[in-house]
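K.L.:
Pasting a structure here, questions to come.
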Amino acid sequence: MKKTISITMGLALSLMAGSALAADKLTLQLKWVTQAQFAGYYVAKDKGMYEAAGLDVEIKPGGPDIAPPQVIAGGGADVIVDWMPSALASREKGVALVNIAQPFKASGMMLTCLKETGITSPDDFKGKTLGVWFFGNEYPFLSWMSTLGIPTQGGEDGVEVLKQGFNVDPLIQKQADCVSTMTYNEYWQVLDAGISADDLVTFKYEDEGVATLEDGLYVLESSLEDPEMVDKLARFVKASMEGWKWAEENPDEAAEIVLENDASGAQTEKHQKRMMGEIAKLTAGTDGTLDEADYRRTVDTLLQGGSDPVITKEPEGAWTSVVTDKMKSM
């Protein structure tokens, strides 16, 4: 009897070990530091959704000096989170990125201006100093200014572009009339600095008709040539979207999971819970499938770059539904 039990336990342990070894490794490079902007991925890992999908996912935080396209091009990740303007620009420059899923349906980007500057509409931008993020984040802004016919080299009829750090100091210190903010992050930093919402004017890219897709999932084209990799990616997207839907329904708990994964200790509970509430508005109503109309709008916006367009020609093969189609069949 003892021998039978021993054999049975040994077999069970062997199967468990085999199952653990069978988990497919996948590395995800985030666009920015650990925060609720990426809650769905941390939830999927924390709640065992990746494990249930047979995946061992490593989530690598980003930062001000980390460009996801460069990371994946150098072999440092299998999948990256990036904004489509950056991804398409990188593709045109030779990094063959392909969008395989789009967890963020809406854009959270906007310009936040001090009301005292007299800015009430985009027509008032001329002659003003505007804070702009770079590292690939400048593309939507440059396209918008081109659409408005406003030069970005300064002067009375143009705007002075201030290379903005990933903070709102230029607005608080009145070095800029407007700064780049996200609905879920920097805008709240302005309010936390003591400036009232009544003293601000905001211009959401979504409302201005120049919103471009943010926080999509991208892989290198070569990854899609391997059927086993496509299967792995489909399981990854499916589990990630399960994580996102859980986060939408449990925003406070999702924020807590993010905080547990913040090795820097820089994030606060108040900020992450507030951020998660805003992020949930951007991921709502999608299963991760890219809407071709959203893609078309993004491309059209980026092509309207005048003498300095973000992309110079119509992209080919820049997105695929192969992964999300397979995901839906699982």
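Ligands are numbered from 1 in the order shown, chains are lettered A, B, ... in the order of the structure tokens, and residues start at 1 in each chain.
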Applying 6 Å and only C-alpha atoms, which residues near Leu28 of chain A remain after dropping the ones on its own chain fewer than 2 positions away? List them as a PyMOL selection string.

P.N.:
chain A and resi 59+77+79-80

K.L.:
Export, as a PDB file, in the first residue's frame, the selected residues with N, CA, C and O atoms.

P.N.:
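Saved the output as again_20.pdb:
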ATOM      1  N   ILE A  59       7.693  40.474 -17.116  1.00  0.00           N
ATOM      2  CA  ILE A  59       7.268  41.839 -17.437  1.00  0.00           C
ATOM      3  C   ILE A  59       8.403  42.792 -17.087  1.00  0.00           C
ATOM      4  O   ILE A  59       8.802  42.905 -15.928  1.00  0.00           O
ATOM      5  N   ALA A  77      13.164  41.472 -25.879  1.00  0.00           N
ATOM      6  CA  ALA A  77      11.755  41.216 -25.578  1.00  0.00           C
ATOM      7  C   ALA A  77      11.118  40.480 -26.746  1.00  0.00           C
ATOM      8  O   ALA A  77      11.603  40.552 -27.888  1.00  0.00           O
ATOM      9  N   VAL A  79       7.551  40.744 -26.989  1.00  0.00           N
ATOM     10  CA  VAL A  79       6.404  41.613 -27.239  1.00  0.00           C
ATOM     11  C   VAL A  79       6.682  42.950 -26.554  1.00  0.00           C
ATOM     12  O   VAL A  79       7.292  42.979 -25.481  1.00  0.00           O
ATOM     13  N   ILE A  80       6.250  44.031 -27.174  1.00  0.00           N
ATOM     14  CA  ILE A  80       6.389  45.343 -26.530  1.00  0.00           C
ATOM     15  C   ILE A  80       5.048  46.055 -26.502  1.00  0.00           C
ATOM     16  O   ILE A  80       4.161  45.784 -27.316  1.00  0.00           O
TER      17      ILE A  80
END

K.L.:
Got a sec to tell me which of segment 199-319 of chain A DSSP assigns to alpha helix (DSSP H), as a PDB file with N, CA and C atoms, in the first residue's frame?

P.N.:
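Generated file (part_38.pdb):
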ATOM      1  N   PRO A 227       4.428  29.216 -36.504  1.00  0.00           N
ATOM      2  CA  PRO A 227       3.101  28.851 -35.993  1.00  0.00           C
ATOM      3  C   PRO A 227       3.062  28.649 -34.482  1.00  0.00           C
ATOM      4  N   GLU A 228       4.142  28.094 -33.919  1.00  0.00           N
ATOM      5  CA  GLU A 228       4.181  27.881 -32.470  1.00  0.00           C
ATOM      6  C   GLU A 228       4.219  29.211 -31.729  1.00  0.00           C
ATOM      7  N   MET A 229       4.941  30.190 -32.294  1.00  0.00           N
ATOM      8  CA  MET A 229       4.998  31.513 -31.678  1.00  0.00           C
ATOM      9  C   MET A 229       3.640  32.207 -31.778  1.00  0.00           C
ATOM     10  N   VAL A 230       2.969  32.046 -32.898  1.00  0.00           N
ATOM     11  CA  VAL A 230       1.637  32.643 -33.062  1.00  0.00           C
ATOM     12  C   VAL A 230       0.684  32.081 -32.018  1.00  0.00           C
ATOM     13  N   ASP A 231       0.770  30.776 -31.785  1.00  0.00           N
ATOM     14  CA  ASP A 231      -0.066  30.136 -30.768  1.00  0.00           C
ATOM     15  C   ASP A 231       0.255  30.699 -29.385  1.00  0.00           C
ATOM     16  N   LYS A 232       1.537  30.851 -29.112  1.00  0.00           N
ATOM     17  CA  LYS A 232       1.966  31.402 -27.824  1.00  0.00           C
ATOM     18  C   LYS A 232       1.461  32.838 -27.648  1.00  0.00           C
ATOM     19  N   LEU A 233       1.549  33.624 -28.716  1.00  0.00           N
ATOM     20  CA  LEU A 233       1.094  35.014 -28.665  1.00  0.00           C
ATOM     21  C   LEU A 233      -0.416  35.098 -28.479  1.00  0.00           C
ATOM     22  N   ALA A 234      -1.142  34.191 -29.111  1.00  0.00           N
ATOM     23  CA  ALA A 234      -2.603  34.172 -28.966  1.00  0.00           C
ATOM     24  C   ALA A 234      -2.988  33.878 -27.523  1.00  0.00           C
ATOM     25  N   ARG A 235      -2.278  32.936 -26.908  1.00  0.00           N
ATOM     26  CA  ARG A 235      -2.543  32.633 -25.494  1.00  0.00           C
ATOM     27  C   ARG A 235      -2.187  33.820 -24.614  1.00  0.00           C
ATOM     28  N   PHE A 236      -1.106  34.499 -24.992  1.00  0.00           N
ATOM     29  CA  PHE A 236      -0.677  35.678 -24.226  1.00  0.00           C
ATOM     30  C   PHE A 236      -1.715  36.798 -24.310  1.00  0.00           C
ATOM     31  N   VAL A 237      -2.190  37.100 -25.492  1.00  0.00           N
ATOM     32  CA  VAL A 237      -3.178  38.178 -25.659  1.00  0.00           C
ATOM     33  C   VAL A 237      -4.478  37.825 -24.938  1.00  0.00           C
ATOM     34  N   LYS A 238      -4.912  36.589 -25.062  1.00  0.00           N
ATOM     35  CA  LYS A 238      -6.148  36.152 -24.408  1.00  0.00           C
ATOM     36  C   LYS A 238      -6.053  36.318 -22.893  1.00  0.00           C
ATOM     37  N   ALA A 239      -4.952  35.847 -22.323  1.00  0.00           N
ATOM     38  CA  ALA A 239      -4.759  35.957 -20.870  1.00  0.00           C
ATOM     39  C   ALA A 239      -4.602  37.419 -20.446  1.00  0.00           C
ATOM     40  N   SER A 240      -3.913  38.210 -21.263  1.00  0.00           N
ATOM     41  CA  SER A 240      -3.734  39.633 -20.947  1.00  0.00           C
ATOM     42  C   SER A 240      -5.071  40.352 -20.920  1.00  0.00           C
ATOM     43  N   MET A 241      -5.938  40.047 -21.889  1.00  0.00           N
ATOM     44  CA  MET A 241      -7.247  40.705 -21.934  1.00  0.00           C
ATOM     45  C   MET A 241      -8.126  40.242 -20.772  1.00  0.00           C
ATOM     46  N   GLU A 242      -7.943  39.005 -20.331  1.00  0.00           N
ATOM     47  CA  GLU A 242      -8.653  38.555 -19.127  1.00  0.00           C
ATOM     48  C   GLU A 242      -8.183  39.392 -17.938  1.00  0.00           C
ATOM     49  N   GLY A 243      -6.893  39.680 -17.922  1.00  0.00           N
ATOM     50  CA  GLY A 243      -6.344  40.529 -16.865  1.00  0.00           C
ATOM     51  C   GLY A 243      -6.909  41.932 -16.926  1.00  0.00           C
ATOM     52  N   TRP A 244      -7.042  42.461 -18.136  1.00  0.00           N
ATOM     53  CA  TRP A 244      -7.582  43.813 -18.299  1.00  0.00           C
ATOM     54  C   TRP A 244      -9.048  43.888 -17.865  1.00  0.00           C
ATOM     55  N   LYS A 245      -9.836  42.900 -18.246  1.00  0.00           N
ATOM     56  CA  LYS A 245     -11.258  42.927 -17.877  1.00  0.00           C
ATOM     57  C   LYS A 245     -11.422  42.801 -16.361  1.00  0.00           C
ATOM     58  N   TRP A 246     -10.571  41.988 -15.738  1.00  0.00           N
ATOM     59  CA  TRP A 246     -10.611  41.857 -14.281  1.00  0.00           C
ATOM     60  C   TRP A 246     -10.251  43.197 -13.643  1.00  0.00           C
ATOM     61  N   ALA A 247      -9.256  43.863 -14.208  1.00  0.00           N
ATOM     62  CA  ALA A 247      -8.815  45.154 -13.667  1.00  0.00           C
ATOM     63  C   ALA A 247      -9.911  46.208 -13.806  1.00  0.00           C
ATOM     64  N   GLU A 248     -10.632  46.179 -14.920  1.00  0.00           N
ATOM     65  CA  GLU A 248     -11.739  47.134 -15.115  1.00  0.00           C
ATOM     66  C   GLU A 248     -12.817  46.934 -14.052  1.00  0.00           C
ATOM     67  N   GLU A 249     -13.076  45.679 -13.725  1.00  0.00           N
ATOM     68  CA  GLU A 249     -14.141  45.360 -12.766  1.00  0.00           C
ATOM     69  C   GLU A 249     -13.690  45.497 -11.314  1.00  0.00           C
ATOM     70  N   PRO A 251     -10.988  47.797 -10.005  1.00  0.00           N
ATOM     71  CA  PRO A 251      -9.912  48.792 -10.159  1.00  0.00           C
ATOM     72  C   PRO A 251      -9.037  48.992  -8.929  1.00  0.00           C
ATOM     73  N   ASP A 252      -9.636  49.016  -7.760  1.00  0.00           N
ATOM     74  CA  ASP A 252      -8.833  49.241  -6.557  1.00  0.00           C
ATOM     75  C   ASP A 252      -7.885  48.078  -6.283  1.00  0.00           C
ATOM     76  N   GLU A 253      -8.407  46.846  -6.449  1.00  0.00           N
ATOM     77  CA  GLU A 253      -7.566  45.668  -6.232  1.00  0.00           C
ATOM     78  C   GLU A 253      -6.467  45.588  -7.287  1.00  0.00           C
ATOM     79  N   ALA A 254      -6.810  45.980  -8.525  1.00  0.00           N
ATOM     80  CA  ALA A 254      -5.810  45.976  -9.594  1.00  0.00           C
ATOM     81  C   ALA A 254      -4.690  46.953  -9.269  1.00  0.00           C
ATOM     82  N   ALA A 255      -5.056  48.105  -8.732  1.00  0.00           N
ATOM     83  CA  ALA A 255      -4.051  49.101  -8.346  1.00  0.00           C
ATOM     84  C   ALA A 255      -3.146  48.552  -7.251  1.00  0.00           C
ATOM     85  N   GLU A 256      -3.724  47.786  -6.333  1.00  0.00           N
ATOM     86  CA  GLU A 256      -2.924  47.184  -5.264  1.00  0.00           C
ATOM     87  C   GLU A 256      -1.905  46.195  -5.832  1.00  0.00           C
ATOM     88  N   ILE A 257      -2.324  45.443  -6.845  1.00  0.00           N
ATOM     89  CA  ILE A 257      -1.420  44.481  -7.483  1.00  0.00           C
ATOM     90  C   ILE A 257      -0.266  45.216  -8.158  1.00  0.00           C
ATOM     91  N   VAL A 258      -0.582  46.341  -8.794  1.00  0.00           N
ATOM     92  CA  VAL A 258       0.455  47.157  -9.425  1.00  0.00           C
ATOM     93  C   VAL A 258       1.464  47.625  -8.377  1.00  0.00           C
ATOM     94  N   LEU A 259       0.951  48.109  -7.261  1.00  0.00           N
ATOM     95  CA  LEU A 259       1.823  48.596  -6.186  1.00  0.00           C
ATOM     96  C   LEU A 259       2.738  47.492  -5.669  1.00  0.00           C
ATOM     97  N   GLU A 260       2.216  46.266  -5.577  1.00  0.00           N
ATOM     98  CA  GLU A 260       3.017  45.137  -5.107  1.00  0.00           C
ATOM     99  C   GLU A 260       4.172  44.835  -6.069  1.00  0.00           C
ATOM    100  N   GLU A 269      -0.640  54.729  -3.343  1.00  0.00           N
ATOM    101  CA  GLU A 269      -1.943  54.072  -3.473  1.00  0.00           C
ATOM    102  C   GLU A 269      -2.986  55.019  -4.068  1.00  0.00           C
ATOM    103  N   LYS A 270      -3.016  56.248  -3.591  1.00  0.00           N
ATOM    104  CA  LYS A 270      -3.999  57.227  -4.077  1.00  0.00           C
ATOM    105  C   LYS A 270      -3.848  57.447  -5.583  1.00  0.00           C
ATOM    106  N   HIS A 271      -2.620  57.641  -6.024  1.00  0.00           N
ATOM    107  CA  HIS A 271      -2.364  57.932  -7.439  1.00  0.00           C
ATOM    108  C   HIS A 271      -2.693  56.734  -8.320  1.00  0.00           C
ATOM    109  N   GLN A 272      -2.317  55.535  -7.886  1.00  0.00           N
ATOM    110  CA  GLN A 272      -2.542  54.341  -8.706  1.00  0.00           C
ATOM    111  C   GLN A 272      -4.023  53.987  -8.799  1.00  0.00           C
ATOM    112  N   LYS A 273      -4.762  54.173  -7.723  1.00  0.00           N
ATOM    113  CA  LYS A 273      -6.202  53.892  -7.769  1.00  0.00           C
ATOM    114  C   LYS A 273      -6.912  54.889  -8.667  1.00  0.00           C
ATOM    115  N   ARG A 274      -6.494  56.138  -8.595  1.00  0.00           N
ATOM    116  CA  ARG A 274      -7.075  57.166  -9.462  1.00  0.00           C
ATOM    117  C   ARG A 274      -6.729  56.877 -10.926  1.00  0.00           C
ATOM    118  N   MET A 275      -5.479  56.482 -11.153  1.00  0.00           N
ATOM    119  CA  MET A 275      -5.026  56.166 -12.505  1.00  0.00           C
ATOM    120  C   MET A 275      -5.799  54.983 -13.073  1.00  0.00           C
ATOM    121  N   MET A 276      -5.987  53.954 -12.273  1.00  0.00           N
ATOM    122  CA  MET A 276      -6.688  52.768 -12.750  1.00  0.00           C
ATOM    123  C   MET A 276      -8.123  53.103 -13.151  1.00  0.00           C
ATOM    124  N   GLY A 277      -8.750  54.005 -12.407  1.00  0.00           N
ATOM    125  CA  GLY A 277     -10.108  54.421 -12.750  1.00  0.00           C
ATOM    126  C   GLY A 277     -10.175  55.071 -14.122  1.00  0.00           C
ATOM    127  N   GLU A 278      -9.149  55.853 -14.464  1.00  0.00           N
ATOM    128  CA  GLU A 278      -9.096  56.515 -15.770  1.00  0.00           C
ATOM    129  C   GLU A 278      -8.702  55.546 -16.884  1.00  0.00           C
ATOM    130  N   ILE A 279      -7.770  54.652 -16.565  1.00  0.00           N
ATOM    131  CA  ILE A 279      -7.315  53.662 -17.560  1.00  0.00           C
ATOM    132  C   ILE A 279      -8.477  52.769 -17.984  1.00  0.00           C
ATOM    133  N   ALA A 280      -9.329  52.411 -17.028  1.00  0.00           N
ATOM    134  CA  ALA A 280     -10.466  51.531 -17.328  1.00  0.00           C
ATOM    135  C   ALA A 280     -11.373  52.118 -18.414  1.00  0.00           C
ATOM    136  N   LYS A 281     -11.394  53.451 -18.515  1.00  0.00           N
ATOM    137  CA  LYS A 281     -12.205  54.099 -19.546  1.00  0.00           C
ATOM    138  C   LYS A 281     -11.598  53.897 -20.937  1.00  0.00           C
ATOM    139  N   LEU A 282     -10.279  53.710 -20.990  1.00  0.00           N
ATOM    140  CA  LEU A 282      -9.583  53.578 -22.269  1.00  0.00           C
ATOM    141  C   LEU A 282      -9.580  52.149 -22.797  1.00  0.00           C
ATOM    142  N   THR A 283      -9.688  51.176 -21.885  1.00  0.00           N
ATOM    143  CA  THR A 283      -9.680  49.772 -22.296  1.00  0.00           C
ATOM    144  C   THR A 283     -11.089  49.192 -22.394  1.00  0.00           C
ATOM    145  N   GLU A 292     -10.065  48.388 -37.446  1.00  0.00           N
ATOM    146  CA  GLU A 292      -9.395  48.888 -38.645  1.00  0.00           C
ATOM    147  C   GLU A 292      -9.660  50.375 -38.874  1.00  0.00           C
ATOM    148  N   ALA A 293     -10.839  50.855 -38.450  1.00  0.00           N
ATOM    149  CA  ALA A 293     -11.151  52.279 -38.604  1.00  0.00           C
ATOM    150  C   ALA A 293     -10.229  53.125 -37.722  1.00  0.00           C
ATOM    151  N   ASP A 294      -9.918  52.636 -36.528  1.00  0.00           N
ATOM    152  CA  ASP A 294      -8.991  53.342 -35.636  1.00  0.00           C
ATOM    153  C   ASP A 294      -7.588  53.357 -36.235  1.00  0.00           C
ATOM    154  N   TYR A 295      -7.218  52.239 -36.836  1.00  0.00           N
ATOM    155  CA  TYR A 295      -5.912  52.158 -37.502  1.00  0.00           C
ATOM    156  C   TYR A 295      -5.845  53.160 -38.650  1.00  0.00           C
ATOM    157  N   ARG A 296      -6.919  53.200 -39.432  1.00  0.00           N
ATOM    158  CA  ARG A 296      -6.967  54.094 -40.586  1.00  0.00           C
ATOM    159  C   ARG A 296      -6.848  55.554 -40.155  1.00  0.00           C
ATOM    160  N   ARG A 297      -7.565  55.910 -39.089  1.00  0.00           N
ATOM    161  CA  ARG A 297      -7.505  57.280 -38.572  1.00  0.00           C
ATOM    162  C   ARG A 297      -6.094  57.639 -38.122  1.00  0.00           C
ATOM    163  N   THR A 298      -5.447  56.694 -37.451  1.00  0.00           N
ATOM    164  CA  THR A 298      -4.084  56.927 -36.981  1.00  0.00           C
ATOM    165  C   THR A 298      -3.134  57.154 -38.151  1.00  0.00           C
ATOM    166  N   VAL A 299      -3.211  56.293 -39.153  1.00  0.00           N
ATOM    167  CA  VAL A 299      -2.341  56.419 -40.318  1.00  0.00           C
ATOM    168  C   VAL A 299      -2.593  57.728 -41.048  1.00  0.00           C
ATOM    169  N   ASP A 300      -3.856  58.067 -41.250  1.00  0.00           N
ATOM    170  CA  ASP A 300      -4.198  59.308 -41.951  1.00  0.00           C
ATOM    171  C   ASP A 300      -3.648  60.521 -41.203  1.00  0.00           C
ATOM    172  N   THR A 301      -3.768  60.500 -39.872  1.00  0.00           N
ATOM    173  CA  THR A 301      -3.259  61.601 -39.058  1.00  0.00           C
ATOM    174  C   THR A 301      -1.745  61.727 -39.208  1.00  0.00           C
ATOM    175  N   LEU A 302      -1.061  60.590 -39.202  1.00  0.00           N
ATOM    176  CA  LEU A 302       0.399  60.603 -39.268  1.00  0.00           C
ATOM    177  C   LEU A 302       0.922  60.986 -40.649  1.00  0.00           C
ATOM    178  N   LEU A 303       0.155  60.682 -41.676  1.00  0.00           N
ATOM    179  CA  LEU A 303       0.569  61.039 -43.036  1.00  0.00           C
ATOM    180  C   LEU A 303       0.390  62.530 -43.321  1.00  0.00           C
TER     181      LEU A 303
END

K.L.:
Excluding segment 98-114 of chain A and residues on its chain fewer than 5 positions from it, collect all residues at most 6 Å away from it, counting only C-alpha atoms, and give them as number ranges by chain.

P.N.:
A: 177-183, 200-205, 215-219, 221, 282-283, 288-290, 318-320, 323

K.L.:
Quick one: residues within 12 Å of segment 130-132 of chain A, only C-alpha atoms counted, chain neighbours fewer than 4 positions away excluded, as a ChimeraX atom specification?

P.N.:
/A:109-114,117,119,122,124-126,136-142,145,152-154,158-172,174-182

K.L.:
Give me the residues near Leu26 of chain A as a ChimeraX atom specification, where near means some atom within 8 Å (using only C-alpha atoms) and where sequence neighbours in that chain fewer than 6 positions away do not count.

P.N.:
/A:55-58,77-79

K.L.:
Give the answer as one residue: which of A:Gly209, A:Gly317, A:Gly63, A:Gly118 has the shortest atom-to-atom distance to Thr147 of chain A, using only C-alpha atoms?

P.N.:
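Using only C-alpha atoms, Thr147 of chain A sits closest to A:Gly209.
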